[in-house]
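Asks: Next up is a structure, given as structure tokens.
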Amino acid sequence: MMLSRFRTDYYGCLPARGDALFEPTDAIVCADGPVRSLVGLALAPEHRRGHGALYAGLNQGRVDVGRLRRALVSVPLPRAADGRLVLAVDISPWLRPDADTAPDRCFCHTYGYGENKHLMIPGWPYSVVAALEAGRTSWTAILDAVRLAPGADVAAVTTAQIREVIERLVASGQWTDGDPDVLVVVDAGYDAPRLAYLLADLPVEILGRTRSDRVMRRPTPPRVYDPKGGRPPKHGGEFVFGQPGTWGAEQVVTVTDTRLYGKATAQAWDRLHPRLTRRAAWIEHSAELPIIEGTVIRLEVSYLPSGAEPKPVWLWWSKTGATSADVDRCWQAFLRRFDVEHTFRMMKQTLGWTAPRLRSSEAADRCTWLVIAAHTQLRLARPLVQDLRHPWEKPAPPDRLTPARVRRGFRNIRPTAASPAGAPKPSRPGPGRPPGTRNRHRATRHDVGRVLATDQPYQRPTHHKVDTKPRRIS
């Protein structure tokens, strides 16, 4: 059984304090209700050890991340309707605003806090790569997670992360020669043309959302003899997203009737590229700046399910010569990218990913991999569990069960799956700190950095102390 094999492989990825790390994973997928704290996990019947072993496992245990990453790509992965792999890359923060003693924190861009504002809150940002399914679903297959350190270059980290994931997919046989290229979908926070340039040697296609105020350039015009001389033009005319008069005739137009959005109209313009400058990400590029051509897609729908006014969505695809099928496949794959948001919500609100108040960033990494392993087990148990629905819930077919409903029945199939963890050994609690004494070791305070597009770390400005003590005037 695939679930039993993965559980055995996962236990082999825990070389230090493996039992103390394996049983919390079982408690995560079998606990009644959402996970609120680590102490609550220790009360689950599947966790046979005390709460001290749970904290010791996270703080002093070890996870063989390389082996676990290979195990995640060795199980069956979801694919699109045409059989290709579709990967979504996004950043999800573990917010730690009041943890002054926690190192490696960055300012994380968050949405909807306060009066629905965009705020920068300290925490640990994680870049996650997940494989998407076809159709409307809340299931994704998480393949990798990397914590962004202060001063990290997001594009460089994402490029290396995608490259390693593709190499593991090829090594495990998930992608072979002759298969369709892997489609990587990113949101507007990523520089899609730069990702396409850095990953040009891999069998991948980059699809990213762009801002509505971007300006692209048309293909380089043919060289014409000019008696006045001068340098021949390198870029064609401007394509301004906000000025329809500069668009010209589109190469492809598709119209699709959808249930949630009404009529979806997609327009595509071929061979458009951004004009690069030697600043920001390209400041250290010594050679001639490249021309990265792609296809610009404009998607417009009749209405939104929320009732808000729909705005057009602009996409940039790293391939040229798009057909009607390619355009429809691209904008539908972009809509599927939002499925990873359901996965983040499941990991945080139900599986308790960010519930522990850990001080060490290494312990946070171990907790992250425990939650990823728990989510993978739920996905593998999807066709095995019985639907234990509440009286007010509608029946769902086995292939339409949500992760939360699969989690309700996981406890019933756990005895039939492999459980390699050993029985706990009797022990006595340590002496602890003598009564009446205080902790004399004050924890170190750490400044908060931020993730930049360069290798220069963020330096908090120094505020000079103002002397407000009244002085005597003689």
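For the structure tokens, the naming scheme is as follows: chains receive sequential letters (A, B, ...) according to their order of presentation, residues are indexed from 1 within each chain, and ligands are indexed from 1 in presentation order.
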Would you write out, as a Markdown table, a table of all residues in segment 261-364 of chain A that have an atom no more than 12 Å from an atom of segment 386-404 of chain A, listing for each the closest atom pair and the distance in Å to one decimal, considering only C-alpha atoms and ordering rows by chain and rising residue number?

Replies:
```
| residue | atom | partner | partner_atom | distance |
| --- | --- | --- | --- | --- |
| A:His342 | CA | A:Pro403 | CA | 9.8 |
| A:Thr343 | CA | A:Pro403 | CA | 8.9 |
| A:Phe344 | CA | A:Pro403 | CA | 11.9 |
| A:Arg345 | CA | A:Pro403 | CA | 11.0 |
| A:Met346 | CA | A:Pro403 | CA | 7.8 |
| A:Met347 | CA | A:Pro403 | CA | 10.1 |
| A:Gln349 | CA | A:Ala404 | CA | 10.6 |
| A:Thr350 | CA | A:Ala404 | CA | 7.8 |
| A:Leu351 | CA | A:Ala404 | CA | 9.4 |
```

Asks: Segment 22-228 of chain A: which residues are alpha helix (DSSP H) by DSSP, as a CSV table (one decimal) with N, CA, C and O atoms, in the first residue's frame?

Replies:
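Output below, filename result28.csv:
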```csv
chain,number,residue,atom,x,y,z
A,22,PHE,N,8.0,11.1,14.9
A,22,PHE,CA,7.0,10.3,14.1
A,22,PHE,C,5.7,10.4,14.8
A,22,PHE,O,4.6,10.5,14.1
A,23,GLU,N,5.6,10.2,16.1
A,23,GLU,CA,4.3,10.1,16.8
A,23,GLU,C,3.6,11.5,16.8
A,23,GLU,O,2.4,11.5,16.7
A,24,PRO,N,4.3,12.7,16.9
A,24,PRO,CA,3.5,13.9,16.7
A,24,PRO,C,2.9,14.0,15.3
A,24,PRO,O,1.8,14.6,15.2
A,25,THR,N,3.5,13.5,14.3
A,25,THR,CA,2.9,13.5,13.0
A,25,THR,C,1.6,12.7,13.0
A,25,THR,O,0.6,13.1,12.4
A,26,ASP,N,1.6,11.5,13.6
A,26,ASP,CA,0.4,10.7,13.7
A,26,ASP,C,-0.7,11.5,14.5
A,26,ASP,O,-1.9,11.4,14.2
A,27,ALA,N,-0.2,12.2,15.6
A,27,ALA,CA,-1.2,12.9,16.4
A,27,ALA,C,-1.8,14.1,15.6
A,27,ALA,O,-3.0,14.4,15.7
A,28,ILE,N,-1.0,14.7,14.7
A,28,ILE,CA,-1.6,15.8,13.8
A,28,ILE,C,-2.7,15.3,12.9
A,28,ILE,O,-3.7,16.0,12.8
A,29,VAL,N,-2.5,14.1,12.3
A,29,VAL,CA,-3.5,13.6,11.4
A,29,VAL,C,-4.7,12.9,12.0
A,29,VAL,O,-5.7,12.6,11.4
A,30,CYS,N,-4.5,12.6,13.3
A,30,CYS,CA,-5.6,11.8,14.0
A,30,CYS,C,-6.3,12.6,15.1
A,30,CYS,O,-7.3,12.2,15.7
A,38,LEU,N,1.2,22.4,21.0
A,38,LEU,CA,2.0,21.1,21.1
A,38,LEU,C,1.5,20.3,22.2
A,38,LEU,O,1.5,19.1,22.2
A,39,VAL,N,1.1,20.9,23.3
A,39,VAL,CA,0.6,20.2,24.5
A,39,VAL,C,-0.6,19.4,24.2
A,39,VAL,O,-0.9,18.3,24.6
A,40,GLY,N,-1.5,20.0,23.3
A,40,GLY,CA,-2.7,19.3,22.9
A,40,GLY,C,-2.4,18.1,22.1
A,40,GLY,O,-3.1,17.1,22.2
A,41,LEU,N,-1.3,18.1,21.3
A,41,LEU,CA,-0.9,16.9,20.6
A,41,LEU,C,-0.5,15.8,21.5
A,41,LEU,O,-0.7,14.6,21.3
A,42,ALA,N,0.2,16.2,22.6
A,42,ALA,CA,0.7,15.2,23.5
A,42,ALA,C,-0.5,14.5,24.2
A,42,ALA,O,-0.3,13.4,24.8
A,51,HIS,N,4.9,15.2,27.0
A,51,HIS,CA,5.1,16.4,26.2
A,51,HIS,C,6.5,16.8,26.2
A,51,HIS,O,6.9,17.5,25.3
A,52,GLY,N,7.3,16.3,27.2
A,52,GLY,CA,8.7,16.7,27.1
A,52,GLY,C,9.4,16.1,25.9
A,52,GLY,O,10.3,16.7,25.3
A,53,ALA,N,9.1,14.8,25.6
A,53,ALA,CA,9.7,14.2,24.4
A,53,ALA,C,9.3,14.9,23.1
A,53,ALA,O,10.0,15.0,22.2
A,54,LEU,N,8.1,15.5,23.1
A,54,LEU,CA,7.6,16.2,21.9
A,54,LEU,C,8.5,17.4,21.7
A,54,LEU,O,9.0,17.7,20.6
A,55,TYR,N,8.7,18.2,22.8
A,55,TYR,CA,9.5,19.4,22.6
A,55,TYR,C,11.0,19.0,22.4
A,55,TYR,O,11.7,19.7,21.6
A,56,ALA,N,11.5,18.0,23.0
A,56,ALA,CA,12.8,17.5,22.7
A,56,ALA,C,13.0,17.1,21.3
A,56,ALA,O,14.1,17.3,20.7
A,57,GLY,N,12.0,16.4,20.7
A,57,GLY,CA,12.1,16.0,19.3
A,57,GLY,C,12.2,17.2,18.4
A,57,GLY,O,13.0,17.2,17.4
A,58,LEU,N,11.4,18.3,18.6
A,58,LEU,CA,11.5,19.4,17.7
A,58,LEU,C,12.8,20.2,17.9
A,58,LEU,O,13.3,20.8,17.0
A,59,ASN,N,13.2,20.3,19.2
A,59,ASN,CA,14.4,21.2,19.5
A,59,ASN,C,15.7,20.4,19.2
A,59,ASN,O,16.7,21.1,18.9
A,60,GLN,N,15.8,19.1,19.4
A,60,GLN,CA,17.0,18.4,19.3
A,60,GLN,C,17.0,17.3,18.3
A,60,GLN,O,18.0,16.6,18.1
A,65,VAL,N,16.3,16.0,5.4
A,65,VAL,CA,15.5,16.7,4.4
A,65,VAL,C,15.7,16.2,3.0
A,65,VAL,O,14.7,16.1,2.3
A,66,GLY,N,16.9,15.9,2.6
A,66,GLY,CA,17.1,15.4,1.3
A,66,GLY,C,16.4,14.1,1.0
A,66,GLY,O,15.8,14.0,-0.1
A,67,ARG,N,16.4,13.2,1.9
A,67,ARG,CA,15.7,12.0,1.7
A,67,ARG,C,14.2,12.1,1.7
A,67,ARG,O,13.5,11.5,1.0
A,68,LEU,N,13.7,13.0,2.6
A,68,LEU,CA,12.3,13.3,2.7
A,68,LEU,C,11.8,13.9,1.4
A,68,LEU,O,10.7,13.6,0.9
A,69,ARG,N,12.6,14.8,0.8
A,69,ARG,CA,12.2,15.4,-0.5
A,69,ARG,C,12.1,14.4,-1.6
A,69,ARG,O,11.2,14.4,-2.4
A,70,ARG,N,13.0,13.4,-1.6
A,70,ARG,CA,12.9,12.4,-2.6
A,70,ARG,C,11.7,11.5,-2.4
A,70,ARG,O,11.1,11.0,-3.3
A,71,ALA,N,11.4,11.3,-1.1
A,71,ALA,CA,10.2,10.5,-0.8
A,71,ALA,C,8.9,11.2,-1.2
A,71,ALA,O,7.9,10.5,-1.7
A,72,LEU,N,8.9,12.5,-1.2
A,72,LEU,CA,7.7,13.2,-1.6
A,72,LEU,C,7.4,13.2,-3.1
A,72,LEU,O,6.2,13.2,-3.5
A,73,VAL,N,8.5,13.0,-3.9
A,73,VAL,CA,8.3,13.0,-5.3
A,73,VAL,C,8.2,11.5,-5.8
A,73,VAL,O,7.9,11.3,-7.0
A,74,SER,N,8.4,10.5,-4.9
A,74,SER,CA,8.3,9.1,-5.3
A,74,SER,C,6.8,8.6,-5.3
A,74,SER,O,6.6,7.5,-5.8
A,154,VAL,N,14.9,36.6,-3.5
A,154,VAL,CA,13.8,35.7,-3.7
A,154,VAL,C,13.9,35.0,-5.0
A,154,VAL,O,13.6,33.8,-5.1
A,155,ALA,N,14.3,35.7,-6.1
A,155,ALA,CA,14.3,35.1,-7.4
A,155,ALA,C,15.4,34.0,-7.4
A,155,ALA,O,15.2,32.9,-8.0
A,156,ALA,N,16.6,34.2,-6.8
A,156,ALA,CA,17.6,33.3,-6.8
A,156,ALA,C,17.2,32.0,-6.0
A,156,ALA,O,17.5,30.9,-6.4
A,157,VAL,N,16.6,32.2,-4.8
A,157,VAL,CA,16.1,31.1,-4.0
A,157,VAL,C,15.1,30.3,-4.8
A,157,VAL,O,15.1,29.0,-4.8
A,158,THR,N,14.1,31.0,-5.4
A,158,THR,CA,13.1,30.3,-6.1
A,158,THR,C,13.6,29.5,-7.3
A,158,THR,O,13.2,28.4,-7.6
A,159,THR,N,14.6,30.1,-8.0
A,159,THR,CA,15.2,29.4,-9.2
A,159,THR,C,15.9,28.2,-8.7
A,159,THR,O,15.7,27.1,-9.4
A,160,ALA,N,16.7,28.2,-7.7
A,160,ALA,CA,17.4,27.0,-7.2
A,160,ALA,C,16.4,26.0,-6.7
A,160,ALA,O,16.6,24.8,-6.9
A,161,GLN,N,15.3,26.4,-6.1
A,161,GLN,CA,14.3,25.5,-5.5
A,161,GLN,C,13.6,24.8,-6.7
A,161,GLN,O,13.4,23.6,-6.6
A,162,ILE,N,13.2,25.5,-7.7
A,162,ILE,CA,12.5,24.9,-8.8
A,162,ILE,C,13.5,23.9,-9.6
A,162,ILE,O,13.1,22.8,-10.0
A,163,ARG,N,14.7,24.3,-9.7
A,163,ARG,CA,15.7,23.5,-10.4
A,163,ARG,C,15.9,22.2,-9.7
A,163,ARG,O,15.9,21.1,-10.3
A,164,GLU,N,16.0,22.2,-8.3
A,164,GLU,CA,16.1,21.0,-7.6
A,164,GLU,C,14.9,20.1,-7.6
A,164,GLU,O,15.0,18.9,-7.7
A,165,VAL,N,13.7,20.7,-7.6
A,165,VAL,CA,12.5,20.0,-7.7
A,165,VAL,C,12.4,19.3,-9.1
A,165,VAL,O,12.0,18.1,-9.1
A,166,ILE,N,12.7,20.0,-10.1
A,166,ILE,CA,12.7,19.3,-11.5
A,166,ILE,C,13.7,18.2,-11.6
A,166,ILE,O,13.4,17.1,-12.1
A,167,GLU,N,14.9,18.4,-11.0
A,167,GLU,CA,15.9,17.3,-11.0
A,167,GLU,C,15.4,16.1,-10.3
A,167,GLU,O,15.6,14.9,-10.7
A,168,ARG,N,14.7,16.3,-9.2
A,168,ARG,CA,14.2,15.1,-8.4
A,168,ARG,C,13.0,14.5,-9.2
A,168,ARG,O,12.9,13.2,-9.1
A,169,LEU,N,12.2,15.3,-9.9
A,169,LEU,CA,11.1,14.7,-10.7
A,169,LEU,C,11.7,13.8,-11.8
A,169,LEU,O,11.1,12.7,-12.1
A,170,VAL,N,12.8,14.3,-12.4
A,170,VAL,CA,13.4,13.5,-13.5
A,170,VAL,C,14.0,12.2,-12.9
A,170,VAL,O,13.9,11.1,-13.5
A,171,ALA,N,14.7,12.4,-11.8
A,171,ALA,CA,15.4,11.2,-11.2
A,171,ALA,C,14.4,10.1,-10.7
A,171,ALA,O,14.7,8.9,-10.8
A,192,ALA,N,8.5,36.8,-13.6
A,192,ALA,CA,8.4,35.7,-14.5
A,192,ALA,C,9.4,35.7,-15.6
A,192,ALA,O,10.0,34.6,-15.9
A,193,PRO,N,9.7,36.8,-16.3
A,193,PRO,CA,10.7,36.7,-17.4
A,193,PRO,C,12.1,36.3,-16.8
A,193,PRO,O,12.8,35.6,-17.5
A,194,ARG,N,12.4,36.8,-15.7
A,194,ARG,CA,13.7,36.4,-15.1
A,194,ARG,C,13.8,35.0,-14.8
A,194,ARG,O,14.8,34.3,-15.0
A,195,LEU,N,12.7,34.4,-14.2
A,195,LEU,CA,12.7,33.0,-13.9
A,195,LEU,C,12.8,32.2,-15.2
A,195,LEU,O,13.5,31.2,-15.3
A,196,ALA,N,12.1,32.6,-16.3
A,196,ALA,CA,12.2,31.9,-17.5
A,196,ALA,C,13.6,32.0,-18.1
A,196,ALA,O,14.1,31.0,-18.7
A,197,TYR,N,14.3,33.1,-17.9
A,197,TYR,CA,15.7,33.2,-18.4
A,197,TYR,C,16.6,32.3,-17.6
A,197,TYR,O,17.5,31.6,-18.2
A,198,LEU,N,16.5,32.2,-16.3
A,198,LEU,CA,17.4,31.4,-15.4
A,198,LEU,C,17.1,29.9,-15.5
A,198,LEU,O,18.0,29.1,-15.3
```

Asks: Would you tabulate, counting only C-alpha atoms, all residues of segment 319-402 of chain A that have an atom at most 12 Å from an atom of segment 243-257 of chain A, showing the closest pair of atoms and their distance in Å to one decimal, sorted by chain then ascending number, as a Markdown table?

Replies:
```
| residue | atom | partner | partner_atom | distance |
| --- | --- | --- | --- | --- |
| A:Thr320 | CA | A:Gln251 | CA | 10.9 |
| A:Gly321 | CA | A:Gln251 | CA | 8.9 |
| A:Ala322 | CA | A:Val252 | CA | 7.6 |
| A:Thr323 | CA | A:Val252 | CA | 6.8 |
| A:Ser324 | CA | A:Val252 | CA | 6.2 |
| A:Ala325 | CA | A:Thr254 | CA | 8.8 |
| A:Asp326 | CA | A:Val252 | CA | 9.8 |
| A:Val327 | CA | A:Thr254 | CA | 7.7 |
| A:Asp328 | CA | A:Thr254 | CA | 7.3 |
| A:Arg329 | CA | A:Thr254 | CA | 11.1 |
| A:Cys330 | CA | A:Thr254 | CA | 11.9 |
| A:Trp331 | CA | A:Thr254 | CA | 10.8 |
| A:Gln332 | CA | A:Thr256 | CA | 10.7 |
```

Asks: Calculated over only C-alpha atoms, which of the candidates A:Gly422, A:Pro180, A:Pro233, A:Pro290 has the smallest distance to Gly18 of chain A?

Replies: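 Once distances to Gly18 of chain A are computed over only C-alpha atoms, the minimum belongs to A:Gly422.
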
Asks: Within segment 30-94 of chain A, find each residue whose DSSP state, derived from the backbone, is strand (DSSP E), and express the selection as a PyMOL selection string.

Replies: chain A and resi 86-94

Asks: My list of candidates is A:Asp270, A:Asp201, A:Asp365, A:Asp144. Which is closest to Arg298 of chain A when distances are computed with only C-alpha atoms?

Replies: A:Asp270

Asks: Counting only C-alpha atoms, what is within 9 Å of Tyr303 of chain A, bar same-chain residues fewer than 6 positions away, as a PDB file with C-alpha atoms, in the first residue's frame?

Replies:
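The result, stored in part21.pdb:
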```pdb
ATOM      1  CA  LEU A 260     -18.621  30.756 -11.603  1.00  0.00           C
ATOM      2  CA  TYR A 261     -17.364  33.623 -13.772  1.00  0.00           C
ATOM      3  CA  GLY A 262     -19.779  33.712 -16.691  1.00  0.00           C
ATOM      4  CA  LYS A 263     -18.196  34.383 -20.065  1.00  0.00           C
ATOM      5  CA  GLU A 309     -16.407  44.277  -9.912  1.00  0.00           C
ATOM      6  CA  PRO A 310     -14.207  42.033 -12.063  1.00  0.00           C
TER       7      PRO A 310
END
```

Asks: Quick one, how far is atom CA of Pro15 of chain A from atom CA of Asp64 of chain A?

Replies: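 Distance between the two atoms: 7.0 Å.
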
Asks: Counting only C-alpha atoms, which of A:Arg379, A:His446, A:His118, A:His109 gets nearest to Arg407 of chain A?

Replies: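 Ranked by minimum distance to Arg407 of chain A, first place goes to A:Arg379.
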
Asks: Would you mind reading off the distance between atom CA of Ile142 of chain A and atom CA of Thr210 of chain A, one decimal, in Å?

Replies: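 These two atoms are separated by 24.6 Å.
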
Asks: Restricting the calculation to only C-alpha atoms: of A:Ala149, A:Arg17, A:Trp175, A:Val129, which residue gets closest to Arg84 of chain A?

Replies: A:Trp175
